[in-house]
Amino acid sequence: MATQTPFKWRHFEAEIILLCVGWYLRYSLSYRDLEEIMQERGLRVDHTTIYRWVQRYAPELEKRCRPHLKTTTDSWRVDETYVKVKGEWTYWYRAVDSQGKTLEFWLSATRDAQAAKRFFMRALGACHTVMPRVITVDKNAAYAKAFHELETAGVVQALCELRQSKYLNNVVEQDHRFIKRLVKPGMGFFSFCTAWQTLRGYEVMNMIRKGQMQGMNKGDSPCW
């Protein structure tokens, strides 16, 4: 995608495309809902066209927003939730800090130590995160195994504590609701790639809503 002309060859103006993509990623709407909303405003946009816009621009939105995220705290809450892809349950790993700010996310077909380790590595390498002082997880043994492997390899500092507490993990479990509410109208995804690209858009819109972008506060609406 060219940096200066991301909407080249599109049949609709950039403002309309961004409006549809932004609404889909922010609110509990299906593609057909958006088609009807646009039609009420005098614009005939097929739901499959909106689907292609989301698949094209949701990952681009996430990529461009990442460098502008505010730095998070060193207290992590890690958990995973379920997302249905092609009729099968997959695992959406998510982490927030003690203030509820999103740290990182990752879609995995498995729920094991290797997936947990990969997620930890992704979170540690994010530009807006700092080395954790404490990582709170549930009783899933895969987290402990992955953590100790990273600690042995020197990736995680020896002073970092892995804390298993379901009560303290309520912060991230409550934050799952925003993603689940958006996934529900679509009744699952038809491919792993589609799920990954759409979920990235959901997450970055959630970050914007929580005021994680520099120059924006919680509750501010992006100007499309």
# chains A, B, ... in the order shown; residues from 1 in each chain; ligands from 1
$ select_by_dssp --residues "stretch 6-191 of chain A" --states "strand (DSSP E)" --output "PyMOL selection string"
chain A and resi 75-85+88-97+102-108+134-137+161-164
$ residues_around --residues "A:Thr194" --least-positions-apart "6" --cutoff "10 Å" --atoms "only C-alpha atoms" --output "number ranges by chain"
A: 51, 54-55, 85
$ closest_residue --among "A:Gln174, A:Asn206, A:Asn169, A:Thr48" --to "A:Ser30" --atoms "only C-alpha atoms"
A:Thr48
$ closest_atom_pairs --of "stretch 49-105 of chain A" --to "stretch 130-139 of chain A" --cutoff "6 Å" --atoms "only C-alpha atoms" --output "Markdown table"
| residue | atom | partner | partner_atom | distance |
| --- | --- | --- | --- | --- |
| A:Asp74 | CA | A:Pro132 | CA | 4.3 |
| A:Ser75 | CA | A:Val134 | CA | 5.1 |
| A:Trp76 | CA | A:Ile135 | CA | 4.7 |
| A:Arg77 | CA | A:Thr136 | CA | 4.8 |
| A:Val78 | CA | A:Val137 | CA | 5.2 |
$ residues_around --residues "stretch 5-11 of chain A" --least-positions-apart "6" --cutoff "10 Å" --atoms "only C-alpha atoms" --output "list in words"
Ile17, Leu18, Trp53, Arg56, Tyr57 and Glu60 of chain A
$ closest_residue --among "A:Arg181, A:Arg66, A:His128, A:His176" --to "A:Trp92" --atoms "only C-alpha atoms"
A:His176
$ select_by_dssp --residues "stretch 113-218 of chain A" --states "alpha helix (DSSP H)" --output "VMD selection string"
chain A and resid 113 to 124 141 to 152 170 to 183 192 to 209
$ atom_distance --atom1 "atom CA of A:Gln157" --atom2 "atom CA of A:Ser108"
25.5 Å
$ closest_residue --among "A:Leu61, A:Ala195, A:Met38, A:Ala116" --to "A:Ala142" --atoms "only C-alpha atoms"
A:Ala116
$ atom_distance --atom1 "atom CA of A:Gln197" --atom2 "atom CA of A:Ala146"
25.7 Å
$ residues_around --residues "A:Pro185" --least-positions-apart "5" --cutoff "12 Å" --atoms "only C-alpha atoms" --output "mmCIF file with C-alpha atoms, in the first residue's frame"
data_model
loop_
_atom_site.group_PDB
_atom_site.id
_atom_site.type_symbol
_atom_site.label_atom_id
_atom_site.label_comp_id
_atom_site.auth_asym_id
_atom_site.auth_seq_id
_atom_site.Cartn_x
_atom_site.Cartn_y
_atom_site.Cartn_z
ATOM 1 C CA TYR A 24 -17.904 -1.554 11.908
ATOM 2 C CA LEU A 25 -14.864 -1.817 14.186
ATOM 3 C CA TYR A 27 -20.055 -0.770 17.132
ATOM 4 C CA SER A 28 -21.975 -4.071 17.188
ATOM 5 C CA LEU A 29 -22.954 -3.962 13.521
ATOM 6 C CA SER A 30 -23.004 -6.583 10.806
ATOM 7 C CA TYR A 31 -21.942 -5.795 7.252
ATOM 8 C CA ARG A 32 -25.587 -5.879 6.165
ATOM 9 C CA ASP A 33 -26.470 -3.436 8.955
ATOM 10 C CA LEU A 34 -23.918 -0.998 7.575
ATOM 11 C CA ILE A 179 -14.323 -7.823 21.714
ATOM 12 C CA LYS A 180 -17.022 -10.448 22.303
#
$ decode --residues "stretch 64-78 of chain A" --atoms "all heavy atoms" --output "PDB file, in the first residue's frame"
ATOM      1  N   ARG A  64      -0.619   1.732  11.705  1.00  0.00           N
ATOM      2  CA  ARG A  64      -0.299   3.158  11.755  1.00  0.00           C
ATOM      3  C   ARG A  64      -0.528   3.757  13.136  1.00  0.00           C
ATOM      4  O   ARG A  64       0.072   4.769  13.484  1.00  0.00           O
ATOM      5  CB  ARG A  64      -1.128   3.909  10.712  1.00  0.00           C
ATOM      6  CG  ARG A  64      -0.811   3.484   9.288  1.00  0.00           C
ATOM      7  CD  ARG A  64      -1.311   4.475   8.276  1.00  0.00           C
ATOM      8  NE  ARG A  64      -1.028   4.048   6.913  1.00  0.00           N
ATOM      9  CZ  ARG A  64      -0.979   4.866   5.872  1.00  0.00           C
ATOM     10  NH1 ARG A  64      -1.201   6.156   6.050  1.00  0.00           N
ATOM     11  NH2 ARG A  64      -0.721   4.401   4.664  1.00  0.00           N
ATOM     12  N   CYS A  65      -1.404   3.144  13.929  1.00  0.00           N
ATOM     13  CA  CYS A  65      -1.674   3.670  15.269  1.00  0.00           C
ATOM     14  C   CYS A  65      -0.617   3.232  16.281  1.00  0.00           C
ATOM     15  O   CYS A  65      -0.388   3.939  17.274  1.00  0.00           O
ATOM     16  CB  CYS A  65      -3.053   3.219  15.741  1.00  0.00           C
ATOM     17  SG  CYS A  65      -4.434   4.106  14.986  1.00  0.00           S
ATOM     18  N   ARG A  66       0.003   2.105  16.077  1.00  0.00           N
ATOM     19  CA  ARG A  66       0.941   1.563  17.056  1.00  0.00           C
ATOM     20  C   ARG A  66       2.051   2.537  17.475  1.00  0.00           C
ATOM     21  O   ARG A  66       2.346   2.659  18.659  1.00  0.00           O
ATOM     22  CB  ARG A  66       1.560   0.270  16.541  1.00  0.00           C
ATOM     23  CG  ARG A  66       0.705  -0.952  16.805  1.00  0.00           C
ATOM     24  CD  ARG A  66       1.422  -2.239  16.476  1.00  0.00           C
ATOM     25  NE  ARG A  66       0.616  -3.396  16.810  1.00  0.00           N
ATOM     26  CZ  ARG A  66       0.614  -4.002  17.982  1.00  0.00           C
ATOM     27  NH1 ARG A  66       1.407  -3.550  18.952  1.00  0.00           N
ATOM     28  NH2 ARG A  66      -0.138  -5.058  18.208  1.00  0.00           N
ATOM     29  N   PRO A  67       2.711   3.228  16.545  1.00  0.00           N
ATOM     30  CA  PRO A  67       3.786   4.140  16.974  1.00  0.00           C
ATOM     31  C   PRO A  67       3.312   5.294  17.845  1.00  0.00           C
ATOM     32  O   PRO A  67       4.139   5.965  18.469  1.00  0.00           O
ATOM     33  CB  PRO A  67       4.351   4.659  15.635  1.00  0.00           C
ATOM     34  CG  PRO A  67       3.938   3.656  14.619  1.00  0.00           C
ATOM     35  CD  PRO A  67       2.609   3.169  15.081  1.00  0.00           C
ATOM     36  N   HIS A  68       2.015   5.533  17.903  1.00  0.00           N
ATOM     37  CA  HIS A  68       1.480   6.682  18.648  1.00  0.00           C
ATOM     38  C   HIS A  68       0.782   6.274  19.948  1.00  0.00           C
ATOM     39  O   HIS A  68       0.091   7.092  20.559  1.00  0.00           O
ATOM     40  CB  HIS A  68       0.499   7.452  17.758  1.00  0.00           C
ATOM     41  CG  HIS A  68       1.071   7.857  16.436  1.00  0.00           C
ATOM     42  ND1 HIS A  68       1.979   8.890  16.305  1.00  0.00           N
ATOM     43  CD2 HIS A  68       0.888   7.348  15.189  1.00  0.00           C
ATOM     44  CE1 HIS A  68       2.324   9.010  15.034  1.00  0.00           C
ATOM     45  NE2 HIS A  68       1.674   8.098  14.342  1.00  0.00           N
ATOM     46  N   LEU A  69       0.967   5.025  20.378  1.00  0.00           N
ATOM     47  CA  LEU A  69       0.338   4.572  21.611  1.00  0.00           C
ATOM     48  C   LEU A  69       1.100   5.077  22.829  1.00  0.00           C
ATOM     49  O   LEU A  69       2.331   5.153  22.821  1.00  0.00           O
ATOM     50  CB  LEU A  69       0.295   3.037  21.641  1.00  0.00           C
ATOM     51  CG  LEU A  69      -0.642   2.372  20.625  1.00  0.00           C
ATOM     52  CD1 LEU A  69      -0.455   0.856  20.657  1.00  0.00           C
ATOM     53  CD2 LEU A  69      -2.095   2.733  20.919  1.00  0.00           C
ATOM     54  N   LYS A  70       0.373   5.397  23.874  1.00  0.00           N
ATOM     55  CA  LYS A  70       0.989   5.826  25.121  1.00  0.00           C
ATOM     56  C   LYS A  70       1.638   4.627  25.831  1.00  0.00           C
ATOM     57  O   LYS A  70       1.174   3.497  25.702  1.00  0.00           O
ATOM     58  CB  LYS A  70      -0.061   6.460  26.040  1.00  0.00           C
ATOM     59  CG  LYS A  70      -0.745   7.697  25.465  1.00  0.00           C
ATOM     60  CD  LYS A  70      -1.868   8.160  26.375  1.00  0.00           C
ATOM     61  CE  LYS A  70      -2.627   9.344  25.785  1.00  0.00           C
ATOM     62  NZ  LYS A  70      -3.779   9.752  26.624  1.00  0.00           N
ATOM     63  N   THR A  71       2.677   4.908  26.592  1.00  0.00           N
ATOM     64  CA  THR A  71       3.373   3.852  27.323  1.00  0.00           C
ATOM     65  C   THR A  71       2.479   3.302  28.435  1.00  0.00           C
ATOM     66  O   THR A  71       1.811   4.054  29.141  1.00  0.00           O
ATOM     67  CB  THR A  71       4.682   4.385  27.929  1.00  0.00           C
ATOM     68  OG1 THR A  71       5.491   4.939  26.886  1.00  0.00           O
ATOM     69  CG2 THR A  71       5.445   3.262  28.618  1.00  0.00           C
ATOM     70  N   THR A  72       2.474   1.989  28.583  1.00  0.00           N
ATOM     71  CA  THR A  72       1.650   1.330  29.591  1.00  0.00           C
ATOM     72  C   THR A  72       2.462   1.097  30.867  1.00  0.00           C
ATOM     73  O   THR A  72       3.664   1.358  30.911  1.00  0.00           O
ATOM     74  CB  THR A  72       1.120  -0.014  29.061  1.00  0.00           C
ATOM     75  OG1 THR A  72       2.229  -0.799  28.585  1.00  0.00           O
ATOM     76  CG2 THR A  72       0.166   0.221  27.899  1.00  0.00           C
ATOM     77  N   THR A  73       1.805   0.555  31.901  1.00  0.00           N
ATOM     78  CA  THR A  73       2.471   0.316  33.184  1.00  0.00           C
ATOM     79  C   THR A  73       3.197  -1.034  33.165  1.00  0.00           C
ATOM     80  O   THR A  73       3.075  -1.812  32.206  1.00  0.00           O
ATOM     81  CB  THR A  73       1.465   0.349  34.343  1.00  0.00           C
ATOM     82  OG1 THR A  73       0.599  -0.802  34.239  1.00  0.00           O
ATOM     83  CG2 THR A  73       0.624   1.605  34.296  1.00  0.00           C
ATOM     84  N   ASP A  74       3.906  -1.326  34.261  1.00  0.00           N
ATOM     85  CA  ASP A  74       4.690  -2.565  34.332  1.00  0.00           C
ATOM     86  C   ASP A  74       3.965  -3.690  35.064  1.00  0.00           C
ATOM     87  O   ASP A  74       4.571  -4.698  35.426  1.00  0.00           O
ATOM     88  CB  ASP A  74       6.044  -2.304  35.007  1.00  0.00           C
ATOM     89  CG  ASP A  74       5.902  -1.766  36.421  1.00  0.00           C
ATOM     90  OD1 ASP A  74       4.761  -1.573  36.882  1.00  0.00           O
ATOM     91  OD2 ASP A  74       6.947  -1.533  37.070  1.00  0.00           O
ATOM     92  N   SER A  75       2.658  -3.540  35.281  1.00  0.00           N
ATOM     93  CA  SER A  75       1.850  -4.589  35.899  1.00  0.00           C
ATOM     94  C   SER A  75       0.904  -5.150  34.845  1.00  0.00           C
ATOM     95  O   SER A  75       0.001  -4.445  34.380  1.00  0.00           O
ATOM     96  CB  SER A  75       1.059  -4.034  37.094  1.00  0.00           C
ATOM     97  OG  SER A  75       0.271  -5.052  37.683  1.00  0.00           O
ATOM     98  N   TRP A  76       1.125  -6.396  34.451  1.00  0.00           N
ATOM     99  CA  TRP A  76       0.383  -6.991  33.349  1.00  0.00           C
ATOM    100  C   TRP A  76      -0.697  -7.939  33.839  1.00  0.00           C
ATOM    101  O   TRP A  76      -0.549  -8.615  34.850  1.00  0.00           O
ATOM    102  CB  TRP A  76       1.325  -7.768  32.422  1.00  0.00           C
ATOM    103  CG  TRP A  76       2.309  -6.933  31.680  1.00  0.00           C
ATOM    104  CD1 TRP A  76       2.620  -5.620  31.886  1.00  0.00           C
ATOM    105  CD2 TRP A  76       3.144  -7.359  30.605  1.00  0.00           C
ATOM    106  NE1 TRP A  76       3.584  -5.198  31.011  1.00  0.00           N
ATOM    107  CE2 TRP A  76       3.927  -6.243  30.216  1.00  0.00           C
ATOM    108  CE3 TRP A  76       3.311  -8.571  29.949  1.00  0.00           C
ATOM    109  CZ2 TRP A  76       4.859  -6.319  29.190  1.00  0.00           C
ATOM    110  CZ3 TRP A  76       4.234  -8.653  28.917  1.00  0.00           C
ATOM    111  CH2 TRP A  76       5.002  -7.536  28.539  1.00  0.00           C
ATOM    112  N   ARG A  77      -1.801  -7.992  33.092  1.00  0.00           N
ATOM    113  CA  ARG A  77      -2.870  -8.975  33.303  1.00  0.00           C
ATOM    114  C   ARG A  77      -3.046  -9.726  31.984  1.00  0.00           C
ATOM    115  O   ARG A  77      -3.365  -9.117  30.968  1.00  0.00           O
ATOM    116  CB  ARG A  77      -4.182  -8.300  33.690  1.00  0.00           C
ATOM    117  CG  ARG A  77      -4.073  -7.291  34.839  1.00  0.00           C
ATOM    118  CD  ARG A  77      -3.876  -7.995  36.178  1.00  0.00           C
ATOM    119  NE  ARG A  77      -4.162  -7.128  37.305  1.00  0.00           N
ATOM    120  CZ  ARG A  77      -3.277  -6.337  37.897  1.00  0.00           C
ATOM    121  NH1 ARG A  77      -2.027  -6.284  37.450  1.00  0.00           N
ATOM    122  NH2 ARG A  77      -3.622  -5.587  38.938  1.00  0.00           N
ATOM    123  N   VAL A  78      -2.850 -11.032  32.004  1.00  0.00           N
ATOM    124  CA  VAL A  78      -2.858 -11.835  30.779  1.00  0.00           C
ATOM    125  C   VAL A  78      -3.945 -12.897  30.862  1.00  0.00           C
ATOM    126  O   VAL A  78      -4.116 -13.561  31.890  1.00  0.00           O
ATOM    127  CB  VAL A  78      -1.488 -12.499  30.547  1.00  0.00           C
ATOM    128  CG1 VAL A  78      -1.517 -13.361  29.286  1.00  0.00           C
ATOM    129  CG2 VAL A  78      -0.386 -11.446  30.457  1.00  0.00           C
TER     130      VAL A  78
END
